[in-house]
Structure formats: structure tokens, C-alpha cells
Amino acid sequence: MNTEMQSAREVPVLFLVFNRPAHTAQVFERIRGLQPVRLLISADGPRPDVTGDKESCDAVREIVSNIDWDCTVSTRFDEINLGCRYGPVAGLDWAFQQVEQAIILEDDCLPDQTFFHFCAELLQRYRNNPQVMTIGGHRWEGPDLSDADSYYFSRYPATWGWATWSDRWAKFDIEMREWPDLRDSPWLETLLCDRSALNYWQRIFDSMNQGLDAWDYAWLFSCWRAGAFSIRPNTNLVTNIGFGESATHTHQPGHPASRPASNMNFPLKHPNNIGTEKETEELIEWVNFSGVTTRQVRGVGRHIKARRLNNTSSSND
């Protein structure tokens, strides 16, 4: 085994799973390919009102129990369903009570094997730098940039395959208790590029404050409150295989996050400075967040206009 992979094996891996055996098996094979020396597995419980959920959860737990390499394993298997808001958070809280850093994968985040070494190297490089909150593995705001630095810094954490440290996670608040006071302040406006982005994130944070069944928006909020940055790779290292009918939120096929993962080239090319570029931040916002809503609204508008033109043409016949 080469030195790079040996170093990656030393980093704890947290695997967050639920009720999708086929997805879980694929991602677990990538973890098996790494053979981490410390593995933490957190499984959300079945939903009592969903037929077959318990059987699916049991099948998942059977898959992740098949560990055939030498490692220290910790598990937390919930008997009740905590959902998309509290389930992952419970697993992350539990893991970071035991380890100081971790690579985190959900059951639909299929990584390239170089993802693990990418995270391991940057966890070591930035472990004492509180300016960096997370290390992300996916890139779907644009094509791979093989001639650029290996990664860049952003306000937007990439959490479909990622890594962080326990002291950074300690800044997380799923309830976003600060938001009601901040909403009426200029804080959010100083971070965002335009009015549509401001309106979008106000709606998202309002929904989170009211109990939206999600956790990652609260993590983004915590990163913004810390004034810290997140690493995003210039090569896509993780493909999301979870889009489809079985997903809770990601139903649409063909999403850019489902494009294939690629190999990261080593040695890594590190940026000279920690900071963001306005054009890149605007692109991420447009591709992933408020731009999605804007494109949907425009699409509806075009559809309505086309129907009106068609009705007018028909009435004139």
C-alpha cells in the first residue's frame, strides 16, 4: 500500500446510512477499498408508517456490519426515525464526541478513491486554521479544471462527501437561534451578491428556523456566522447516486451532482491565499441555489406565455 493511501487510512470515516441497501453497498465498497482503521456508522431508524422500511433498514445494517479488514468500529443504530433534520446531526454529534476529525459519507455519495487522500492531506494542512470549516469532495458548478489549483475556497460548503474537525462542528446549531435577530440586520446583505440571492436565503433560513426537515442549510449558516471558508475541489471527486424516486429531496434525474467522479492528481497544487473570488461565488449561487429558483420561475413564465400565444392563435382561426 502506498504512503498516500496509508495516510488516508488513518483518518476516521463516518458513514451515515438509512434504508437504501443498493446505494449503501456501492458506497461501502469504496470504504472497503480504503480500509480505514477507524470506522463509525450511524443509521437512522425506520419510519413506522412506511411499508417495508424496517426490512430495508435491517438490510442496510447487515451490509455495513460485513467488515472484513482490521479496524476499530463504532455503531449507533437508531430504533426510531429522526429524519433528515436530526438523523445526520445525531450521527455527527456522536462521532465528534469520539474523534477529532472525520471524513463523512452519506449512503448516496459515491467517492473516487482519491477523495480520501484529498481529504486526509487537507485535514492535516488546515487542522489548526479556524478560517477553514470544511473540505468538500464534489464539484458540480462547472467542468473539472485540471490546469488550475487542486481546490479553491468558497463561502459555500460542499457536503455530499466532505470532511471537518470536531472543533469546527462544535460551532453548529441546528436550531439557528441567532437567525431571528440577524434577519432584520444588514448581516446577510453583506454576504450576498444580489437581491434574488438575499430573498432566497432569507426564505431558506426562515424555513429552517421553522423546522424544515434538513440539516445542511444550518451548517452553511454556521459557516457564514463563523466568517470561515470551505474548500471545494477543482476536480469532481464524488458522484451522488441518490437522485430518483427513492430520494427524500432529490427526485430529479440528470442533476449535475450525479455526474461521474474523477481522479484527483497528486501532488496537490495549493492556492496561495485563503479567500473567495466574486465570479466563482456568483456561479455557485446561480447553479446551485437562488439561480435554480430563478430559472424555474422563468420557465413557468415562458410556459404561460406560450399557452397564451397558442390560445390567441386558436381563437383567430
# chains A, B, ... in the order shown; residues from 1 in each chain; ligands from 1
>>> residues_around(residues="segment 81-94 of chain A", least_positions_apart="6", cutoff="12 Å", atoms="only C-alpha atoms", output="ChimeraX atom specification")
/A:13-19,40-50,53-54,57,74-75,100-107,159,163-175,208-219,247-249
>>> select_by_dssp(residues="segment 82-299 of chain A", states="helix (DSSP H, G or I)", output="PDB file with N, CA and C atoms, in the first residue's frame")
ATOM      1  N   GLY A  83     -35.251  11.423  10.971  1.00  0.00           N
ATOM      2  CA  GLY A  83     -35.481  12.237   9.787  1.00  0.00           C
ATOM      3  C   GLY A  83     -34.235  12.928   9.270  1.00  0.00           C
ATOM      4  N   CYS A  84     -34.427  13.702   8.198  1.00  0.00           N
ATOM      5  CA  CYS A  84     -33.305  14.353   7.507  1.00  0.00           C
ATOM      6  C   CYS A  84     -32.747  15.542   8.269  1.00  0.00           C
ATOM      7  N   ARG A  85     -33.479  16.035   9.254  1.00  0.00           N
ATOM      8  CA  ARG A  85     -33.002  17.168  10.048  1.00  0.00           C
ATOM      9  C   ARG A  85     -32.139  16.698  11.212  1.00  0.00           C
ATOM     10  N   TYR A  86     -32.663  15.769  11.989  1.00  0.00           N
ATOM     11  CA  TYR A  86     -31.970  15.378  13.215  1.00  0.00           C
ATOM     12  C   TYR A  86     -31.171  14.076  13.093  1.00  0.00           C
ATOM     13  N   GLY A  87     -31.471  13.245  12.091  1.00  0.00           N
ATOM     14  CA  GLY A  87     -30.742  11.995  11.935  1.00  0.00           C
ATOM     15  C   GLY A  87     -29.257  12.193  11.656  1.00  0.00           C
ATOM     16  N   PRO A  88     -28.893  12.921  10.593  1.00  0.00           N
ATOM     17  CA  PRO A  88     -27.470  13.165  10.341  1.00  0.00           C
ATOM     18  C   PRO A  88     -26.784  13.917  11.478  1.00  0.00           C
ATOM     19  N   VAL A  89     -27.490  14.872  12.069  1.00  0.00           N
ATOM     20  CA  VAL A  89     -26.899  15.664  13.157  1.00  0.00           C
ATOM     21  C   VAL A  89     -26.584  14.776  14.354  1.00  0.00           C
ATOM     22  N   ALA A  90     -27.489  13.857  14.669  1.00  0.00           N
ATOM     23  CA  ALA A  90     -27.238  12.940  15.782  1.00  0.00           C
ATOM     24  C   ALA A  90     -25.986  12.112  15.513  1.00  0.00           C
ATOM     25  N   GLY A  91     -25.827  11.657  14.263  1.00  0.00           N
ATOM     26  CA  GLY A  91     -24.646  10.883  13.912  1.00  0.00           C
ATOM     27  C   GLY A  91     -23.369  11.707  13.981  1.00  0.00           C
ATOM     28  N   LEU A  92     -23.423  12.925  13.507  1.00  0.00           N
ATOM     29  CA  LEU A  92     -22.247  13.799  13.534  1.00  0.00           C
ATOM     30  C   LEU A  92     -21.882  14.189  14.966  1.00  0.00           C
ATOM     31  N   ASP A  93     -22.880  14.547  15.777  1.00  0.00           N
ATOM     32  CA  ASP A  93     -22.607  14.862  17.183  1.00  0.00           C
ATOM     33  C   ASP A  93     -21.940  13.675  17.883  1.00  0.00           C
ATOM     34  N   TRP A  94     -22.499  12.505  17.663  1.00  0.00           N
ATOM     35  CA  TRP A  94     -21.976  11.277  18.272  1.00  0.00           C
ATOM     36  C   TRP A  94     -20.540  11.003  17.827  1.00  0.00           C
ATOM     37  N   ALA A  95     -20.266  11.156  16.544  1.00  0.00           N
ATOM     38  CA  ALA A  95     -18.921  10.879  16.025  1.00  0.00           C
ATOM     39  C   ALA A  95     -17.893  11.842  16.602  1.00  0.00           C
ATOM     40  N   PHE A  96     -18.243  13.133  16.637  1.00  0.00           N
ATOM     41  CA  PHE A  96     -17.255  14.116  17.079  1.00  0.00           C
ATOM     42  C   PHE A  96     -17.121  14.189  18.599  1.00  0.00           C
ATOM     43  N   THR A 114      -9.432   8.616  -4.709  1.00  0.00           N
ATOM     44  CA  THR A 114      -8.532   9.727  -4.383  1.00  0.00           C
ATOM     45  C   THR A 114      -9.192  10.758  -3.476  1.00  0.00           C
ATOM     46  N   PHE A 115     -10.524  10.697  -3.352  1.00  0.00           N
ATOM     47  CA  PHE A 115     -11.231  11.603  -2.441  1.00  0.00           C
ATOM     48  C   PHE A 115     -10.699  11.463  -1.017  1.00  0.00           C
ATOM     49  N   PHE A 116     -10.434  10.243  -0.597  1.00  0.00           N
ATOM     50  CA  PHE A 116      -9.998  10.015   0.781  1.00  0.00           C
ATOM     51  C   PHE A 116      -8.630  10.659   1.039  1.00  0.00           C
ATOM     52  N   HIS A 117      -7.721  10.514   0.101  1.00  0.00           N
ATOM     53  CA  HIS A 117      -6.404  11.113   0.307  1.00  0.00           C
ATOM     54  C   HIS A 117      -6.480  12.634   0.222  1.00  0.00           C
ATOM     55  N   PHE A 118      -7.316  13.147  -0.676  1.00  0.00           N
ATOM     56  CA  PHE A 118      -7.533  14.593  -0.776  1.00  0.00           C
ATOM     57  C   PHE A 118      -7.966  15.155   0.576  1.00  0.00           C
ATOM     58  N   CYS A 119      -8.961  14.519   1.180  1.00  0.00           N
ATOM     59  CA  CYS A 119      -9.441  14.975   2.489  1.00  0.00           C
ATOM     60  C   CYS A 119      -8.361  14.831   3.554  1.00  0.00           C
ATOM     61  N   ALA A 120      -7.671  13.693   3.562  1.00  0.00           N
ATOM     62  CA  ALA A 120      -6.669  13.445   4.596  1.00  0.00           C
ATOM     63  C   ALA A 120      -5.559  14.488   4.560  1.00  0.00           C
ATOM     64  N   GLU A 121      -5.086  14.807   3.369  1.00  0.00           N
ATOM     65  CA  GLU A 121      -3.989  15.780   3.257  1.00  0.00           C
ATOM     66  C   GLU A 121      -4.429  17.164   3.716  1.00  0.00           C
ATOM     67  N   LEU A 122      -5.652  17.559   3.358  1.00  0.00           N
ATOM     68  CA  LEU A 122      -6.100  18.900   3.709  1.00  0.00           C
ATOM     69  C   LEU A 122      -6.573  18.989   5.156  1.00  0.00           C
ATOM     70  N   LEU A 123      -7.059  17.895   5.713  1.00  0.00           N
ATOM     71  CA  LEU A 123      -7.344  17.887   7.151  1.00  0.00           C
ATOM     72  C   LEU A 123      -6.074  18.161   7.946  1.00  0.00           C
ATOM     73  N   GLN A 124      -4.976  17.591   7.515  1.00  0.00           N
ATOM     74  CA  GLN A 124      -3.705  17.819   8.184  1.00  0.00           C
ATOM     75  C   GLN A 124      -3.203  19.243   7.950  1.00  0.00           C
ATOM     76  N   ARG A 125      -3.325  19.721   6.722  1.00  0.00           N
ATOM     77  CA  ARG A 125      -2.782  21.034   6.355  1.00  0.00           C
ATOM     78  C   ARG A 125      -3.499  22.170   7.095  1.00  0.00           C
ATOM     79  N   SER A 166     -13.657  18.327  14.798  1.00  0.00           N
ATOM     80  CA  SER A 166     -14.627  18.418  15.888  1.00  0.00           C
ATOM     81  C   SER A 166     -14.785  19.848  16.401  1.00  0.00           C
ATOM     82  N   ASP A 167     -13.695  20.633  16.418  1.00  0.00           N
ATOM     83  CA  ASP A 167     -13.818  21.995  16.931  1.00  0.00           C
ATOM     84  C   ASP A 167     -14.616  22.881  15.982  1.00  0.00           C
ATOM     85  N   ARG A 168     -14.608  22.574  14.678  1.00  0.00           N
ATOM     86  CA  ARG A 168     -15.452  23.316  13.744  1.00  0.00           C
ATOM     87  C   ARG A 168     -16.908  22.887  13.904  1.00  0.00           C
ATOM     88  N   TRP A 169     -17.131  21.583  14.034  1.00  0.00           N
ATOM     89  CA  TRP A 169     -18.503  21.103  14.200  1.00  0.00           C
ATOM     90  C   TRP A 169     -19.133  21.652  15.474  1.00  0.00           C
ATOM     91  N   TRP A 179     -30.696  33.439  14.054  1.00  0.00           N
ATOM     92  CA  TRP A 179     -31.280  33.958  12.831  1.00  0.00           C
ATOM     93  C   TRP A 179     -32.365  35.008  13.052  1.00  0.00           C
ATOM     94  N   PRO A 180     -33.333  34.854  13.959  1.00  0.00           N
ATOM     95  CA  PRO A 180     -34.377  35.883  14.077  1.00  0.00           C
ATOM     96  C   PRO A 180     -33.819  37.286  14.305  1.00  0.00           C
ATOM     97  N   ASP A 181     -32.778  37.414  15.102  1.00  0.00           N
ATOM     98  CA  ASP A 181     -32.186  38.735  15.334  1.00  0.00           C
ATOM     99  C   ASP A 181     -31.394  39.208  14.122  1.00  0.00           C
ATOM    100  N   LEU A 182     -30.721  38.274  13.448  1.00  0.00           N
ATOM    101  CA  LEU A 182     -29.891  38.645  12.298  1.00  0.00           C
ATOM    102  C   LEU A 182     -30.735  39.007  11.081  1.00  0.00           C
ATOM    103  N   ARG A 183     -31.939  38.461  11.007  1.00  0.00           N
ATOM    104  CA  ARG A 183     -32.765  38.659   9.816  1.00  0.00           C
ATOM    105  C   ARG A 183     -33.030  40.135   9.546  1.00  0.00           C
ATOM    106  N   ARG A 195     -30.122  40.872  -4.935  1.00  0.00           N
ATOM    107  CA  ARG A 195     -31.377  40.827  -4.197  1.00  0.00           C
ATOM    108  C   ARG A 195     -32.037  39.457  -4.283  1.00  0.00           C
ATOM    109  N   SER A 196     -31.963  38.781  -5.427  1.00  0.00           N
ATOM    110  CA  SER A 196     -32.591  37.470  -5.544  1.00  0.00           C
ATOM    111  C   SER A 196     -31.931  36.467  -4.606  1.00  0.00           C
ATOM    112  N   ALA A 197     -30.611  36.551  -4.469  1.00  0.00           N
ATOM    113  CA  ALA A 197     -29.902  35.671  -3.535  1.00  0.00           C
ATOM    114  C   ALA A 197     -30.299  35.987  -2.099  1.00  0.00           C
ATOM    115  N   LEU A 198     -30.406  37.266  -1.779  1.00  0.00           N
ATOM    116  CA  LEU A 198     -30.808  37.664  -0.426  1.00  0.00           C
ATOM    117  C   LEU A 198     -32.197  37.132  -0.099  1.00  0.00           C
ATOM    118  N   ASN A 199     -33.142  37.291  -1.025  1.00  0.00           N
ATOM    119  CA  ASN A 199     -34.502  36.804  -0.794  1.00  0.00           C
ATOM    120  C   ASN A 199     -34.528  35.289  -0.644  1.00  0.00           C
ATOM    121  N   TYR A 200     -33.742  34.617  -1.474  1.00  0.00           N
ATOM    122  CA  TYR A 200     -33.689  33.153  -1.434  1.00  0.00           C
ATOM    123  C   TYR A 200     -33.225  32.670  -0.065  1.00  0.00           C
ATOM    124  N   TRP A 201     -32.104  33.217   0.421  1.00  0.00           N
ATOM    125  CA  TRP A 201     -31.549  32.718   1.683  1.00  0.00           C
ATOM    126  C   TRP A 201     -32.384  33.158   2.887  1.00  0.00           C
ATOM    127  N   GLN A 202     -33.053  34.294   2.788  1.00  0.00           N
ATOM    128  CA  GLN A 202     -33.986  34.650   3.855  1.00  0.00           C
ATOM    129  C   GLN A 202     -35.102  33.614   3.959  1.00  0.00           C
ATOM    130  N   ARG A 203     -35.624  33.178   2.807  1.00  0.00           N
ATOM    131  CA  ARG A 203     -36.682  32.159   2.825  1.00  0.00           C
ATOM    132  C   ARG A 203     -36.167  30.829   3.369  1.00  0.00           C
ATOM    133  N   ILE A 204     -34.961  30.439   2.944  1.00  0.00           N
ATOM    134  CA  ILE A 204     -34.376  29.177   3.410  1.00  0.00           C
ATOM    135  C   ILE A 204     -34.158  29.213   4.918  1.00  0.00           C
ATOM    136  N   PHE A 205     -33.558  30.288   5.407  1.00  0.00           N
ATOM    137  CA  PHE A 205     -33.267  30.374   6.842  1.00  0.00           C
ATOM    138  C   PHE A 205     -34.553  30.500   7.661  1.00  0.00           C
ATOM    139  N   ASP A 206     -35.554  31.192   7.126  1.00  0.00           N
ATOM    140  CA  ASP A 206     -36.850  31.226   7.805  1.00  0.00           C
ATOM    141  C   ASP A 206     -37.425  29.818   7.921  1.00  0.00           C
ATOM    142  N   SER A 207     -37.342  29.055   6.835  1.00  0.00           N
ATOM    143  CA  SER A 207     -37.867  27.692   6.837  1.00  0.00           C
ATOM    144  C   SER A 207     -37.111  26.810   7.819  1.00  0.00           C
ATOM    145  N   MET A 208     -35.795  26.967   7.878  1.00  0.00           N
ATOM    146  CA  MET A 208     -35.011  26.197   8.836  1.00  0.00           C
ATOM    147  C   MET A 208     -35.399  26.546  10.262  1.00  0.00           C
ATOM    148  N   ASN A 209     -35.600  27.816  10.513  1.00  0.00           N
ATOM    149  CA  ASN A 209     -35.983  28.268  11.854  1.00  0.00           C
ATOM    150  C   ASN A 209     -37.357  27.751  12.251  1.00  0.00           C
ATOM    151  N   ASP A 216     -28.339  20.616   6.372  1.00  0.00           N
ATOM    152  CA  ASP A 216     -27.157  21.214   5.759  1.00  0.00           C
ATOM    153  C   ASP A 216     -27.258  22.730   5.610  1.00  0.00           C
ATOM    154  N   TYR A 217     -28.473  23.274   5.503  1.00  0.00           N
ATOM    155  CA  TYR A 217     -28.600  24.731   5.455  1.00  0.00           C
ATOM    156  C   TYR A 217     -28.145  25.352   6.780  1.00  0.00           C
ATOM    157  N   ALA A 218     -28.408  24.662   7.879  1.00  0.00           N
ATOM    158  CA  ALA A 218     -27.962  25.163   9.179  1.00  0.00           C
ATOM    159  C   ALA A 218     -26.442  25.118   9.282  1.00  0.00           C
ATOM    160  N   TRP A 219     -25.824  24.127   8.656  1.00  0.00           N
ATOM    161  CA  TRP A 219     -24.356  24.060   8.639  1.00  0.00           C
ATOM    162  C   TRP A 219     -23.789  25.210   7.822  1.00  0.00           C
ATOM    163  N   LEU A 220     -24.403  25.492   6.676  1.00  0.00           N
ATOM    164  CA  LEU A 220     -23.972  26.643   5.881  1.00  0.00           C
ATOM    165  C   LEU A 220     -24.103  27.926   6.693  1.00  0.00           C
ATOM    166  N   PHE A 221     -25.229  28.072   7.370  1.00  0.00           N
ATOM    167  CA  PHE A 221     -25.438  29.248   8.225  1.00  0.00           C
ATOM    168  C   PHE A 221     -24.339  29.355   9.276  1.00  0.00           C
ATOM    169  N   SER A 222     -23.969  28.239   9.886  1.00  0.00           N
ATOM    170  CA  SER A 222     -22.929  28.239  10.912  1.00  0.00           C
ATOM    171  C   SER A 222     -21.581  28.631  10.325  1.00  0.00           C
ATOM    172  N   CYS A 223     -21.308  28.173   9.107  1.00  0.00           N
ATOM    173  CA  CYS A 223     -20.061  28.556   8.435  1.00  0.00           C
ATOM    174  C   CYS A 223     -20.036  30.056   8.158  1.00  0.00           C
ATOM    175  N   TRP A 224     -21.162  30.590   7.705  1.00  0.00           N
ATOM    176  CA  TRP A 224     -21.227  32.024   7.439  1.00  0.00           C
ATOM    177  C   TRP A 224     -21.092  32.833   8.721  1.00  0.00           C
ATOM    178  N   ARG A 225     -21.703  32.359   9.793  1.00  0.00           N
ATOM    179  CA  ARG A 225     -21.594  33.069  11.061  1.00  0.00           C
ATOM    180  C   ARG A 225     -20.170  33.062  11.589  1.00  0.00           C
ATOM    181  N   ALA A 226     -19.433  32.001  11.309  1.00  0.00           N
ATOM    182  CA  ALA A 226     -18.034  31.912  11.748  1.00  0.00           C
ATOM    183  C   ALA A 226     -17.112  32.756  10.880  1.00  0.00           C
ATOM    184  N   PRO A 256     -26.640  17.938 -12.017  1.00  0.00           N
ATOM    185  CA  PRO A 256     -25.178  17.958 -12.202  1.00  0.00           C
ATOM    186  C   PRO A 256     -24.405  17.253 -11.103  1.00  0.00           C
ATOM    187  N   ALA A 257     -24.991  17.100  -9.911  1.00  0.00           N
ATOM    188  CA  ALA A 257     -24.291  16.401  -8.833  1.00  0.00           C
ATOM    189  C   ALA A 257     -24.151  14.909  -9.103  1.00  0.00           C
ATOM    190  N   SER A 258     -24.897  14.396 -10.083  1.00  0.00           N
ATOM    191  CA  SER A 258     -24.822  12.970 -10.385  1.00  0.00           C
ATOM    192  C   SER A 258     -23.819  12.665 -11.496  1.00  0.00           C
ATOM    193  N   LYS A 278     -15.221  36.651  -6.500  1.00  0.00           N
ATOM    194  CA  LYS A 278     -16.605  37.075  -6.684  1.00  0.00           C
ATOM    195  C   LYS A 278     -17.292  36.290  -7.802  1.00  0.00           C
ATOM    196  N   GLU A 279     -16.618  36.109  -8.931  1.00  0.00           N
ATOM    197  CA  GLU A 279     -17.239  35.434 -10.070  1.00  0.00           C
ATOM    198  C   GLU A 279     -17.575  33.979  -9.739  1.00  0.00           C
ATOM    199  N   THR A 280     -16.679  33.314  -9.025  1.00  0.00           N
ATOM    200  CA  THR A 280     -16.915  31.921  -8.670  1.00  0.00           C
ATOM    201  C   THR A 280     -18.068  31.795  -7.680  1.00  0.00           C
ATOM    202  N   GLU A 281     -18.126  32.688  -6.710  1.00  0.00           N
ATOM    203  CA  GLU A 281     -19.218  32.660  -5.739  1.00  0.00           C
ATOM    204  C   GLU A 281     -20.565  32.905  -6.417  1.00  0.00           C
ATOM    205  N   GLU A 282     -20.589  33.826  -7.371  1.00  0.00           N
ATOM    206  CA  GLU A 282     -21.823  34.095  -8.092  1.00  0.00           C
ATOM    207  C   GLU A 282     -22.244  32.888  -8.922  1.00  0.00           C
ATOM    208  N   LEU A 283     -21.269  32.174  -9.497  1.00  0.00           N
ATOM    209  CA  LEU A 283     -21.581  30.984 -10.279  1.00  0.00           C
ATOM    210  C   LEU A 283     -22.179  29.895  -9.403  1.00  0.00           C
ATOM    211  N   ILE A 284     -21.602  29.654  -8.224  1.00  0.00           N
ATOM    212  CA  ILE A 284     -22.142  28.646  -7.309  1.00  0.00           C
ATOM    213  C   ILE A 284     -23.560  29.007  -6.901  1.00  0.00           C
ATOM    214  N   GLU A 285     -23.785  30.267  -6.573  1.00  0.00           N
ATOM    215  CA  GLU A 285     -25.119  30.725  -6.191  1.00  0.00           C
ATOM    216  C   GLU A 285     -26.112  30.502  -7.333  1.00  0.00           C
ATOM    217  N   TRP A 286     -25.698  30.792  -8.545  1.00  0.00           N
ATOM    218  CA  TRP A 286     -26.591  30.666  -9.698  1.00  0.00           C
ATOM    219  C   TRP A 286     -26.880  29.205 -10.035  1.00  0.00           C
ATOM    220  N   VAL A 287     -25.850  28.365 -10.022  1.00  0.00           N
ATOM    221  CA  VAL A 287     -26.019  26.963 -10.419  1.00  0.00           C
ATOM    222  C   VAL A 287     -26.757  26.164  -9.350  1.00  0.00           C
ATOM    223  N   ASN A 288     -26.470  26.430  -8.080  1.00  0.00           N
ATOM    224  CA  ASN A 288     -26.924  25.549  -7.005  1.00  0.00           C
ATOM    225  C   ASN A 288     -28.080  26.079  -6.163  1.00  0.00           C
ATOM    226  N   SER A 290     -30.063  30.180  -5.508  1.00  0.00           N
ATOM    227  CA  SER A 290     -31.119  31.085  -5.954  1.00  0.00           C
ATOM    228  C   SER A 290     -31.323  31.037  -7.463  1.00  0.00           C
ATOM    229  N   GLY A 291     -30.275  30.718  -8.210  1.00  0.00           N
ATOM    230  CA  GLY A 291     -30.415  30.613  -9.656  1.00  0.00           C
ATOM    231  C   GLY A 291     -31.372  29.521 -10.078  1.00  0.00           C
ATOM    232  N   VAL A 292     -31.445  28.451  -9.298  1.00  0.00           N
ATOM    233  CA  VAL A 292     -32.380  27.364  -9.602  1.00  0.00           C
ATOM    234  C   VAL A 292     -33.815  27.883  -9.555  1.00  0.00           C
ATOM    235  N   THR A 293     -34.126  28.628  -8.502  1.00  0.00           N
ATOM    236  CA  THR A 293     -35.471  29.199  -8.367  1.00  0.00           C
ATOM    237  C   THR A 293     -35.759  30.182  -9.495  1.00  0.00           C
ATOM    238  N   THR A 294     -34.782  31.014  -9.810  1.00  0.00           N
ATOM    239  CA  THR A 294     -34.960  31.996 -10.888  1.00  0.00           C
ATOM    240  C   THR A 294     -35.250  31.305 -12.212  1.00  0.00           C
ATOM    241  N   ARG A 295     -34.503  30.240 -12.502  1.00  0.00           N
ATOM    242  CA  ARG A 295     -34.716  29.518 -13.767  1.00  0.00           C
ATOM    243  C   ARG A 295     -36.080  28.847 -13.789  1.00  0.00           C
ATOM    244  N   GLN A 296     -36.518  28.331 -12.633  1.00  0.00           N
ATOM    245  CA  GLN A 296     -37.841  27.711 -12.570  1.00  0.00           C
ATOM    246  C   GLN A 296     -38.936  28.741 -12.823  1.00  0.00           C
ATOM    247  N   VAL A 297     -38.812  29.911 -12.212  1.00  0.00           N
ATOM    248  CA  VAL A 297     -39.809  30.972 -12.396  1.00  0.00           C
ATOM    249  C   VAL A 297     -39.850  31.414 -13.853  1.00  0.00           C
ATOM    250  N   ARG A 298     -38.662  31.581 -14.449  1.00  0.00           N
ATOM    251  CA  ARG A 298     -38.620  31.977 -15.856  1.00  0.00           C
ATOM    252  C   ARG A 298     -39.243  30.910 -16.752  1.00  0.00           C
ATOM    253  N   GLY A 299     -39.010  29.641 -16.407  1.00  0.00           N
ATOM    254  CA  GLY A 299     -39.582  28.555 -17.193  1.00  0.00           C
ATOM    255  C   GLY A 299     -41.098  28.558 -17.142  1.00  0.00           C
TER     256      GLY A 299
END
>>> atom_distance(atom1="atom CA of Tyr151 of chain A", atom2="atom CA of Asn234 of chain A")
5.0 Å
>>> atom_distance(atom1="atom CA of Ile80 of chain A", atom2="atom CA of Val60 of chain A")
15.2 Å
>>> closest_atom_pairs(of="segment 197-245 of chain A", to="segment 27-36 of chain A", cutoff="12 Å", atoms="only C-alpha atoms", output="tab-separated table")
residue	atom	partner	partner_atom	distance
A:Val238	CA	A:Val27	CA	10.4
A:Thr239	CA	A:Val27	CA	10.4
A:Asn240	CA	A:Val27	CA	10.2
A:Ile241	CA	A:Val27	CA	9.4
A:Gly242	CA	A:Val27	CA	11.1
>>> decode(residues="segment 112-141 of chain A", atoms="C-alpha atoms", output="short mmCIF file (atom, residue, chain, number, x, y, z; two decimals), in the first residue's frame")
data_model
loop_
_atom_site.label_atom_id
_atom_site.label_comp_id
_atom_site.auth_asym_id
_atom_site.auth_seq_id
_atom_site.Cartn_x
_atom_site.Cartn_y
_atom_site.Cartn_z
CA ASP A 112 -13.43 8.25 -6.18
CA GLN A 113 -10.69 6.59 -4.14
CA THR A 114 -8.53 9.73 -4.38
CA PHE A 115 -11.23 11.60 -2.44
CA PHE A 116 -10.00 10.01 0.78
CA HIS A 117 -6.40 11.11 0.31
CA PHE A 118 -7.53 14.59 -0.78
CA CYS A 119 -9.44 14.97 2.49
CA ALA A 120 -6.67 13.45 4.60
CA GLU A 121 -3.99 15.78 3.26
CA LEU A 122 -6.10 18.90 3.71
CA LEU A 123 -7.34 17.89 7.15
CA GLN A 124 -3.71 17.82 8.18
CA ARG A 125 -2.78 21.03 6.36
CA TYR A 126 -5.59 23.16 7.82
CA ARG A 127 -6.24 21.44 11.14
CA ASN A 128 -5.02 24.44 13.16
CA ASN A 129 -6.53 27.09 10.89
CA PRO A 130 -10.05 28.07 12.02
CA GLN A 131 -10.52 30.02 8.79
CA VAL A 132 -11.28 26.68 7.11
CA MET A 133 -14.52 24.98 8.20
CA THR A 134 -14.93 22.10 5.76
CA ILE A 135 -13.29 20.14 2.96
CA GLY A 136 -15.76 19.19 0.23
CA GLY A 137 -15.47 16.49 -2.40
CA HIS A 138 -17.95 17.40 -5.11
CA ARG A 139 -17.72 19.91 -7.93
CA TRP A 140 -20.86 20.46 -9.99
CA GLU A 141 -20.77 24.17 -10.64
#
